[in-house]
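S.K.: Structure below; questions to follow.
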Amino acid sequence: MRTLSLVLTALLFISFSTISNAQKNALKHTVAVKENLIQIAKHYDVSVESLKKVNKLKGDKILNGQVLEIPRKDVHVVSGGETLYEIGQKYNLTSKELKGWNNLSSSKIRPSQELNLKPKTVGAPKNVPTSSDFLTAKGGSVYTSKHVVNTKENLFRIADRYDLTVGELKTANNLNNDAISIGQELILPLQSHTVVKDETLSHIAKKYKVTVTDLKKINNLKNNMIRRGKVLLIPG
């Protein structure tokens, strides 16, 4: 019995060490005694189905000592011999999407390389405005915010999202044509406003001759509440 106890303790120690390492690298997990897919999925905050898909499991049966790859929600760590196409198939993505989101000029990847599985930010300014992000320009301060191009987006849709013209977008980004790629960062030439005491969205909208609806849309506001010192982007 003592021998069995020592073996179990050793296996659990190995498992916890592996969990710690897997949490750090989000790559592998070694199955411990009496562990099941539900427990492992819960530990790593992933679904059982994604675990089964990534590890090509047809059922829920796993074995003690079996090494499982842990699917990360937004990052994939390249294994030896993997191709961009194979990784895309695993996550239902295209090679073009993976290349765009990871700034890859070719399909060449290397073992242990981390690949983003989605744009870092989508449909919203990339950074929160700070005092160092403003440029002096005719007509007032212009915030150098950015938009990361998402799947199926084009210049017209992005311009409409921020109440800009396609021409303004092209000029700000030195574009000679309308071609853009997934994951590409576009500069948004937007005016900004810092909220002062007792100001409301209605006051600010009236000042810049825009609608409250457009103000809320461009700043991702769910209601009309704003606080003093908050920097708002103004629709073009």
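In the structure tokens, chains take letters A, B, ... by order of appearance, with residues numbered from 1 within each chain and ligands from 1 in the order shown.
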Might you pull out every residue within 9 Å of Asp60 in chain A, with only C-alpha atoms counted and same-chain residues fewer than 5 positions away left off, and present them as number ranges by chain?

M.R.: A: 36-38, 48, 52

S.K.: Output C-alpha atoms for every residue in the selection just made, as a PDB file, in the first residue's frame.

M.R.:
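Below is the file that was written, part08.pdb:
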```
ATOM      1  CA  ASN A  36     -11.193  13.407 -16.788  1.00  0.00           C
ATOM      2  CA  LEU A  37     -11.762  15.834 -19.654  1.00  0.00           C
ATOM      3  CA  ILE A  38     -14.320  17.878 -17.719  1.00  0.00           C
ATOM      4  CA  VAL A  48     -14.434  19.810 -23.576  1.00  0.00           C
ATOM      5  CA  LYS A  52     -11.303  16.818 -28.006  1.00  0.00           C
TER       6      LYS A  52
END
```

S.K.: Write out as a ChimeraX atom specification the residues lying within 10 Å of Leu63 in chain A, counting only C-alpha atoms and excluding same-chain residues fewer than 2 positions away.

M.R.: /A:30-36,61,65-67

S.K.: So which bits of range 142-179 of chain A end up strand (DSSP E or B) when you DSSP the backbone, as a ChimeraX atom specification?

M.R.: /A:142-148

S.K.: Please report the interatomic distance between CA of Ser106 in chain A and CA of Ala159 in chain A in Å with one decimal.

M.R.: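 Interatomic distance, CA of Ser106 in chain A to CA of Ala159 in chain A: 28.9 Å.
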
S.K.: Write out as a ChimeraX atom specification each polymer residue whose atoms come within 10 Å of Lys152 in chain A, counting only C-alpha atoms; drop sequence neighbours fewer than 5 positions from it.

M.R.: /A:157,181-182

S.K.: Which residues are close to Val54 in chain A, i.e. within 8 Å by only C-alpha atoms, leaving aside same-chain residues fewer than 4 positions away? Reply as a compact mmCIF listing (two decimals) with C-alpha atoms, in the first residue's frame.

M.R.:
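So the final result, stored in around.txt, reads:
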```
# COMPACT_ATOMS: atom_id res chain seq x y z
CA SER A 50 -12.22 22.15 -28.04
CA GLU A 69 -2.54 19.82 -25.95
CA ILE A 70 -4.43 22.67 -24.29
CA PRO A 71 -6.19 24.96 -26.76
CA LYS A 90 -7.55 23.26 -36.47
```

S.K.: Please identify the alpha helix (DSSP H) residues within range 45-235 of chain A (assignment by DSSP from backbone atoms) and present them as a PDB file with N, CA and C atoms, in the first residue's frame.

M.R.:
```
ATOM      1  N   VAL A  48     -14.791  21.217 -23.351  1.00  0.00           N
ATOM      2  CA  VAL A  48     -14.434  19.810 -23.576  1.00  0.00           C
ATOM      3  C   VAL A  48     -14.330  19.549 -25.075  1.00  0.00           C
ATOM      4  N   GLU A  49     -15.235  20.147 -25.844  1.00  0.00           N
ATOM      5  CA  GLU A  49     -15.230  19.943 -27.295  1.00  0.00           C
ATOM      6  C   GLU A  49     -13.948  20.452 -27.938  1.00  0.00           C
ATOM      7  N   SER A  50     -13.465  21.618 -27.480  1.00  0.00           N
ATOM      8  CA  SER A  50     -12.216  22.146 -28.045  1.00  0.00           C
ATOM      9  C   SER A  50     -11.035  21.272 -27.666  1.00  0.00           C
ATOM     10  N   LEU A  51     -11.054  20.726 -26.439  1.00  0.00           N
ATOM     11  CA  LEU A  51     -10.006  19.785 -26.024  1.00  0.00           C
ATOM     12  C   LEU A  51      -9.991  18.562 -26.924  1.00  0.00           C
ATOM     13  N   LYS A  52     -11.184  18.017 -27.174  1.00  0.00           N
ATOM     14  CA  LYS A  52     -11.303  16.818 -28.006  1.00  0.00           C
ATOM     15  C   LYS A  52     -10.887  17.103 -29.447  1.00  0.00           C
ATOM     16  N   LYS A  53     -11.270  18.281 -29.949  1.00  0.00           N
ATOM     17  CA  LYS A  53     -10.958  18.620 -31.336  1.00  0.00           C
ATOM     18  C   LYS A  53      -9.460  18.795 -31.544  1.00  0.00           C
ATOM     19  N   VAL A  54      -8.818  19.557 -30.652  1.00  0.00           N
ATOM     20  CA  VAL A  54      -7.388  19.814 -30.780  1.00  0.00           C
ATOM     21  C   VAL A  54      -6.568  18.538 -30.647  1.00  0.00           C
ATOM     22  N   LEU A  84       1.033  26.613 -41.524  1.00  0.00           N
ATOM     23  CA  LEU A  84       0.010  27.621 -41.302  1.00  0.00           C
ATOM     24  C   LEU A  84      -1.365  27.087 -41.704  1.00  0.00           C
ATOM     25  N   TYR A  85      -1.384  26.322 -42.781  1.00  0.00           N
ATOM     26  CA  TYR A  85      -2.651  25.746 -43.262  1.00  0.00           C
ATOM     27  C   TYR A  85      -3.242  24.785 -42.232  1.00  0.00           C
ATOM     28  N   GLU A  86      -2.403  23.918 -41.659  1.00  0.00           N
ATOM     29  CA  GLU A  86      -2.864  22.941 -40.667  1.00  0.00           C
ATOM     30  C   GLU A  86      -3.404  23.632 -39.415  1.00  0.00           C
ATOM     31  N   ILE A  87      -2.717  24.697 -38.992  1.00  0.00           N
ATOM     32  CA  ILE A  87      -3.170  25.437 -37.811  1.00  0.00           C
ATOM     33  C   ILE A  87      -4.505  26.117 -38.093  1.00  0.00           C
ATOM     34  N   GLY A  88      -4.632  26.661 -39.286  1.00  0.00           N
ATOM     35  CA  GLY A  88      -5.891  27.284 -39.673  1.00  0.00           C
ATOM     36  C   GLY A  88      -7.037  26.291 -39.663  1.00  0.00           C
ATOM     37  N   GLN A  89      -6.790  25.082 -40.177  1.00  0.00           N
ATOM     38  CA  GLN A  89      -7.810  24.032 -40.194  1.00  0.00           C
ATOM     39  C   GLN A  89      -8.232  23.656 -38.771  1.00  0.00           C
ATOM     40  N   LYS A  90      -7.275  23.647 -37.860  1.00  0.00           N
ATOM     41  CA  LYS A  90      -7.552  23.263 -36.474  1.00  0.00           C
ATOM     42  C   LYS A  90      -8.497  24.249 -35.788  1.00  0.00           C
ATOM     43  N   SER A  95      -5.440  30.798 -43.815  1.00  0.00           N
ATOM     44  CA  SER A  95      -4.031  31.187 -43.735  1.00  0.00           C
ATOM     45  C   SER A  95      -3.897  32.700 -43.869  1.00  0.00           C
ATOM     46  N   LYS A  96      -4.768  33.296 -44.675  1.00  0.00           N
ATOM     47  CA  LYS A  96      -4.733  34.742 -44.878  1.00  0.00           C
ATOM     48  C   LYS A  96      -5.023  35.475 -43.572  1.00  0.00           C
ATOM     49  N   GLU A  97      -6.005  34.979 -42.817  1.00  0.00           N
ATOM     50  CA  GLU A  97      -6.333  35.594 -41.529  1.00  0.00           C
ATOM     51  C   GLU A  97      -5.155  35.493 -40.566  1.00  0.00           C
ATOM     52  N   LEU A  98      -4.560  34.298 -40.483  1.00  0.00           N
ATOM     53  CA  LEU A  98      -3.425  34.097 -39.579  1.00  0.00           C
ATOM     54  C   LEU A  98      -2.247  34.991 -39.954  1.00  0.00           C
ATOM     55  N   LYS A  99      -1.979  35.116 -41.248  1.00  0.00           N
ATOM     56  CA  LYS A  99      -0.875  35.960 -41.698  1.00  0.00           C
ATOM     57  C   LYS A  99      -1.146  37.426 -41.374  1.00  0.00           C
ATOM     58  N   GLY A 100      -2.397  37.843 -41.587  1.00  0.00           N
ATOM     59  CA  GLY A 100      -2.743  39.238 -41.323  1.00  0.00           C
ATOM     60  C   GLY A 100      -2.657  39.585 -39.858  1.00  0.00           C
ATOM     61  N   TRP A 101      -3.179  38.697 -38.994  1.00  0.00           N
ATOM     62  CA  TRP A 101      -3.206  38.972 -37.559  1.00  0.00           C
ATOM     63  C   TRP A 101      -1.836  38.861 -36.910  1.00  0.00           C
ATOM     64  N   LEU A 155     -12.787  49.738 -46.470  1.00  0.00           N
ATOM     65  CA  LEU A 155     -12.610  51.143 -46.102  1.00  0.00           C
ATOM     66  C   LEU A 155     -13.941  51.861 -45.913  1.00  0.00           C
ATOM     67  N   PHE A 156     -14.922  51.530 -46.740  1.00  0.00           N
ATOM     68  CA  PHE A 156     -16.216  52.183 -46.638  1.00  0.00           C
ATOM     69  C   PHE A 156     -16.868  51.906 -45.281  1.00  0.00           C
ATOM     70  N   ARG A 157     -16.859  50.628 -44.847  1.00  0.00           N
ATOM     71  CA  ARG A 157     -17.477  50.255 -43.576  1.00  0.00           C
ATOM     72  C   ARG A 157     -16.762  50.905 -42.394  1.00  0.00           C
ATOM     73  N   ILE A 158     -15.422  50.935 -42.457  1.00  0.00           N
ATOM     74  CA  ILE A 158     -14.653  51.519 -41.355  1.00  0.00           C
ATOM     75  C   ILE A 158     -14.879  53.028 -41.295  1.00  0.00           C
ATOM     76  N   ALA A 159     -14.893  53.677 -42.463  1.00  0.00           N
ATOM     77  CA  ALA A 159     -15.152  55.119 -42.515  1.00  0.00           C
ATOM     78  C   ALA A 159     -16.534  55.431 -41.949  1.00  0.00           C
ATOM     79  N   ASP A 160     -17.524  54.614 -42.300  1.00  0.00           N
ATOM     80  CA  ASP A 160     -18.880  54.813 -41.809  1.00  0.00           C
ATOM     81  C   ASP A 160     -18.945  54.602 -40.296  1.00  0.00           C
ATOM     82  N   ARG A 161     -18.173  53.633 -39.781  1.00  0.00           N
ATOM     83  CA  ARG A 161     -18.143  53.325 -38.352  1.00  0.00           C
ATOM     84  C   ARG A 161     -17.718  54.539 -37.536  1.00  0.00           C
ATOM     85  N   VAL A 166     -13.974  57.975 -46.896  1.00  0.00           N
ATOM     86  CA  VAL A 166     -12.937  57.055 -47.364  1.00  0.00           C
ATOM     87  C   VAL A 166     -11.683  57.843 -47.727  1.00  0.00           C
ATOM     88  N   GLY A 167     -11.884  59.030 -48.299  1.00  0.00           N
ATOM     89  CA  GLY A 167     -10.746  59.872 -48.671  1.00  0.00           C
ATOM     90  C   GLY A 167      -9.913  60.277 -47.470  1.00  0.00           C
ATOM     91  N   GLU A 168     -10.575  60.595 -46.352  1.00  0.00           N
ATOM     92  CA  GLU A 168      -9.856  60.972 -45.131  1.00  0.00           C
ATOM     93  C   GLU A 168      -9.047  59.799 -44.588  1.00  0.00           C
ATOM     94  N   LEU A 169      -9.632  58.611 -44.648  1.00  0.00           N
ATOM     95  CA  LEU A 169      -8.917  57.415 -44.194  1.00  0.00           C
ATOM     96  C   LEU A 169      -7.693  57.151 -45.061  1.00  0.00           C
ATOM     97  N   LYS A 170      -7.876  57.263 -46.369  1.00  0.00           N
ATOM     98  CA  LYS A 170      -6.780  56.994 -47.305  1.00  0.00           C
ATOM     99  C   LYS A 170      -5.654  58.014 -47.140  1.00  0.00           C
ATOM    100  N   THR A 171      -6.024  59.266 -46.943  1.00  0.00           N
ATOM    101  CA  THR A 171      -5.013  60.310 -46.757  1.00  0.00           C
ATOM    102  C   THR A 171      -4.229  60.101 -45.466  1.00  0.00           C
ATOM    103  N   ALA A 172      -4.934  59.781 -44.380  1.00  0.00           N
ATOM    104  CA  ALA A 172      -4.286  59.583 -43.081  1.00  0.00           C
ATOM    105  C   ALA A 172      -3.342  58.389 -43.081  1.00  0.00           C
ATOM    106  N   LEU A 201     -23.240  64.482 -22.422  1.00  0.00           N
ATOM    107  CA  LEU A 201     -23.085  64.104 -23.819  1.00  0.00           C
ATOM    108  C   LEU A 201     -23.841  65.056 -24.735  1.00  0.00           C
ATOM    109  N   SER A 202     -24.985  65.503 -24.269  1.00  0.00           N
ATOM    110  CA  SER A 202     -25.790  66.417 -25.064  1.00  0.00           C
ATOM    111  C   SER A 202     -25.052  67.730 -25.318  1.00  0.00           C
ATOM    112  N   HIS A 203     -24.402  68.258 -24.268  1.00  0.00           N
ATOM    113  CA  HIS A 203     -23.632  69.498 -24.410  1.00  0.00           C
ATOM    114  C   HIS A 203     -22.488  69.314 -25.396  1.00  0.00           C
ATOM    115  N   ILE A 204     -21.775  68.210 -25.248  1.00  0.00           N
ATOM    116  CA  ILE A 204     -20.615  67.948 -26.104  1.00  0.00           C
ATOM    117  C   ILE A 204     -21.058  67.734 -27.551  1.00  0.00           C
ATOM    118  N   ALA A 205     -22.136  66.992 -27.746  1.00  0.00           N
ATOM    119  CA  ALA A 205     -22.645  66.736 -29.090  1.00  0.00           C
ATOM    120  C   ALA A 205     -23.030  68.050 -29.774  1.00  0.00           C
ATOM    121  N   LYS A 206     -23.676  68.932 -29.009  1.00  0.00           N
ATOM    122  CA  LYS A 206     -24.097  70.233 -29.559  1.00  0.00           C
ATOM    123  C   LYS A 206     -22.883  71.081 -29.916  1.00  0.00           C
ATOM    124  N   LYS A 207     -21.856  71.037 -29.077  1.00  0.00           N
ATOM    125  CA  LYS A 207     -20.644  71.825 -29.307  1.00  0.00           C
ATOM    126  C   LYS A 207     -19.961  71.441 -30.612  1.00  0.00           C
ATOM    127  N   VAL A 212     -25.768  62.638 -30.239  1.00  0.00           N
ATOM    128  CA  VAL A 212     -25.421  61.860 -29.050  1.00  0.00           C
ATOM    129  C   VAL A 212     -25.247  60.395 -29.425  1.00  0.00           C
ATOM    130  N   THR A 213     -26.082  59.922 -30.335  1.00  0.00           N
ATOM    131  CA  THR A 213     -25.995  58.519 -30.784  1.00  0.00           C
ATOM    132  C   THR A 213     -24.642  58.222 -31.398  1.00  0.00           C
ATOM    133  N   ASP A 214     -24.154  59.126 -32.250  1.00  0.00           N
ATOM    134  CA  ASP A 214     -22.853  58.923 -32.882  1.00  0.00           C
ATOM    135  C   ASP A 214     -21.717  58.993 -31.857  1.00  0.00           C
ATOM    136  N   LEU A 215     -21.865  59.887 -30.873  1.00  0.00           N
ATOM    137  CA  LEU A 215     -20.853  59.988 -29.810  1.00  0.00           C
ATOM    138  C   LEU A 215     -20.763  58.679 -29.030  1.00  0.00           C
ATOM    139  N   LYS A 216     -21.907  58.128 -28.685  1.00  0.00           N
ATOM    140  CA  LYS A 216     -21.942  56.873 -27.930  1.00  0.00           C
ATOM    141  C   LYS A 216     -21.381  55.722 -28.771  1.00  0.00           C
ATOM    142  N   LYS A 217     -21.708  55.710 -30.036  1.00  0.00           N
ATOM    143  CA  LYS A 217     -21.265  54.640 -30.922  1.00  0.00           C
ATOM    144  C   LYS A 217     -19.758  54.608 -31.071  1.00  0.00           C
ATOM    145  N   ILE A 218     -19.169  55.772 -31.325  1.00  0.00           N
ATOM    146  CA  ILE A 218     -17.733  55.824 -31.593  1.00  0.00           C
ATOM    147  C   ILE A 218     -16.910  55.577 -30.333  1.00  0.00           C
TER     148      ILE A 218
END
```

S.K.: Could you tell me how far CA of His29 in chain A sits from CA of Leu68 in chain A, in Å to one decimal place?

M.R.: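 Calculated distance between CA of Leu68 in chain A and CA of His29 in chain A is 5.1 Å.
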
S.K.: For each of A:Val75, A:Glu82, A:Asn92, A:Lys56, take the minimum atom-to-atom distance to Lys108 in chain A, counting only C-alpha atoms, then give the residue where this is smallest.

M.R.: A:Glu82

S.K.: If I take CA of Glu199 in chain A and CA of Ile234 in chain A, how far is one from the other in Å, to one decimal?

M.R.: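 Separating CA of Glu199 in chain A from CA of Ile234 in chain A is a distance of 14.9 Å.
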
S.K.: Here is a test: counting only C-alpha atoms, which residue of A:Lys28, A:Leu117, A:Thr194, A:Leu233 is nearest to Val210 in chain A?

M.R.: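 Closest candidate: A:Leu233.
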